[in-house]
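Down below is the structure, laid out as structure tokens.
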2 protein chains.
Amino acid sequence: MRREELKGHLDLILLAALEGEPAHGYGIIRAIDELTGGTFDLAEGTIYPALQRLEVAGHLASAWETVGGRRRRVYRLTTPGQRELARRRQQWGQFALAMTRLVETP
Amino acid sequence: MRREELKGHLDLILLAALEGEPAHGYGIIRAIDELTGGTFDLAEGTIYPALQRLEVAGHLASAWETVGGRRRRVYRLTTPGQRELARRRQQWGQFALAMTRLVETP
DNA sequence: GGTGTATACATAGTATAACGAGGTATGAGG
DNA sequence: CCTCATACCTCGTTATACTATGTATACACC
């Protein structure tokens with residue numbers, strides 16, 4: 001899938017991915033790939049900078065973990081991040097509704 | 001609405017706007033604004049270059065018209081443009097479905 | 001012990017496209 | 001005349017997803 005479409009929606013995806021429980025970048029990539037049946041096969045160069053942006057913005061917080069001898073940076077949703085997630089969810093709903101109105105075959 | 005979200009979706013919007021009958025840029029802007037209840041209030045600097053891109057790509061064709069003493073550049077959907085519209089509609093469906101799966105509150 | 005694969009992180013540079021700001025011109029209404 | 005709506009255009013900015021590349025560990029296989 002052409003990735004230009006993702007612009008402006010990636011943050012919502014990542015915040016939503018971390019809603020339930022903390023996770024690390026590589027794991028998020030695979031989870032998204034699996035959940036969407038391969039529709040979103042995100043590059044590492046897409047995810048890692050995006051997670052960093054969200055942490056700088058205060059929406060995520062990270063901590064190092066070691067599992068099976070490998071280091072992971074595990075991200076969790078902060079309280080401001082939860083608010084941001086709600087805000088973006090609503091925004092997505094509005095966007096999708098508008099798109100549907102414009103694009104639906106009458 | 002933040003416009004970053006539009007990236008990659010504007011072409012679909014414009015092709016769909018021209019599906020029924022030809023229209024001109026300024027009119028398309030107002031039609032989209034009205035249909036979406038103000039959610040998409042697109043700037044002229046967004047629309048005009050986009051229409052030109054689509055014409056260069058062969059998906060639209062344009063002709064000058066004069067209505068009430070004012071010149072309009074009227075765009076119509078070409079046959080390749082209709083195929084492109086169908087393709088992008090399907091793509092949007094896939095995108096929206098994937099987003100819904102990732103973002104829906106469980 | 002070497003090779004390949006999956007896991008896991010990171011960054012530097014590029015490309016693209018929507019947008020902001022500015023410019024031009026006509027017609028109608030007061 | 002002045003303002004407003006109509007109608008077009010273009011240049012420069014900016015945000016951000018992506019490509020390419022590099023690093024390192026664990027594990028299986030021969």
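Letters for chains follow the order of the structure tokens (A, B, ...), residue numbers begin at 1 for each chain, and ligand numbers begin at 1 in the order shown.
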
As a PyMOL selection string, please: all residues of chain B that backbone DSSP puts in strand (DSSP E or B). chain B and resi 23-24+60-67+70-77

Print the selection's residues with C-alpha atoms to a file, as a PDB file, in the first residue's frame.
ATOM      1  CA  ALA B  23     -16.983  21.097 -12.401  1.00  0.00           C
ATOM      2  CA  HIS B  24     -14.517  23.905 -11.802  1.00  0.00           C
ATOM      3  CA  LEU B  60      -8.744  14.690 -15.835  1.00  0.00           C
ATOM      4  CA  ALA B  61      -9.194  16.938 -18.863  1.00  0.00           C
ATOM      5  CA  SER B  62     -10.034  20.632 -18.727  1.00  0.00           C
ATOM      6  CA  ALA B  63     -11.685  23.259 -20.903  1.00  0.00           C
ATOM      7  CA  TRP B  64     -12.345  26.968 -20.454  1.00  0.00           C
ATOM      8  CA  GLU B  65     -15.881  28.138 -20.027  1.00  0.00           C
ATOM      9  CA  THR B  66     -17.399  31.576 -19.507  1.00  0.00           C
ATOM     10  CA  VAL B  67     -20.348  31.914 -17.153  1.00  0.00           C
ATOM     11  CA  ARG B  70     -16.243  35.006 -15.491  1.00  0.00           C
ATOM     12  CA  ARG B  71     -13.822  32.445 -16.853  1.00  0.00           C
ATOM     13  CA  ARG B  72     -13.850  28.972 -15.391  1.00  0.00           C
ATOM     14  CA  ARG B  73     -11.595  26.048 -16.023  1.00  0.00           C
ATOM     15  CA  VAL B  74     -13.952  23.103 -16.073  1.00  0.00           C
ATOM     16  CA  TYR B  75     -12.533  19.659 -15.369  1.00  0.00           C
ATOM     17  CA  ARG B  76     -14.040  16.360 -16.410  1.00  0.00           C
ATOM     18  CA  LEU B  77     -13.111  12.799 -15.603  1.00  0.00           C
TER      19      LEU B  77
END

Using only C-alpha atoms (C1' of nucleotides), which residues of chain A come within 9 Å of chain D, and what is the closest atom pair for each, with the distance in Å to one decimal? Give it as CSV, sorted by chain and residue number.
residue,atom,partner,partner_atom,distance
A:Arg3,CA,D:DA17,C1',6.7
A:Glu4,CA,D:DA17,C1',6.7
A:Leu6,CA,D:DA17,C1',7.5
A:Lys7,CA,D:DA17,C1',6.6
A:Gly8,CA,D:DT16,C1',8.1
A:Ala43,CA,D:DC18,C1',7.4
A:Gly45,CA,D:DC18,C1',6.9
A:Thr46,CA,D:DA17,C1',6.0
A:Gly68,CA,D:DA26,C1',8.0
A:Gly69,CA,D:DT25,C1',7.1
A:Arg70,CA,D:DT25,C1',6.2
A:Arg71,CA,D:DT25,C1',8.9

Select residues of chain B: the criterion is any atom within 12 Å of an atom of chain A, counting only C-alpha atoms; output as a ChimeraX atom specification. /B:1-20,28,31-41,85-106

Atom pair CA of Thr79 (chain B) + CA of Gly25 (chain B), distance 19.8 Å

Should the cut-off be 9 Å, what would the residue list for chain C against chain B look like, counting only C-alpha atoms (C1' of nucleotides), as a ChimeraX atom specification? /C:17-20,26-27

Determine which residues of region 38-71 of chain A receive a DSSP assignment of alpha helix (DSSP H), computed from the backbone, and state them as a ChimeraX atom specification. /A:44-56

Could you please determine the separation between CA of Thr78 (chain A) and C1' of DC9 (chain C) in Å, to one decimal place? 22.1 Å
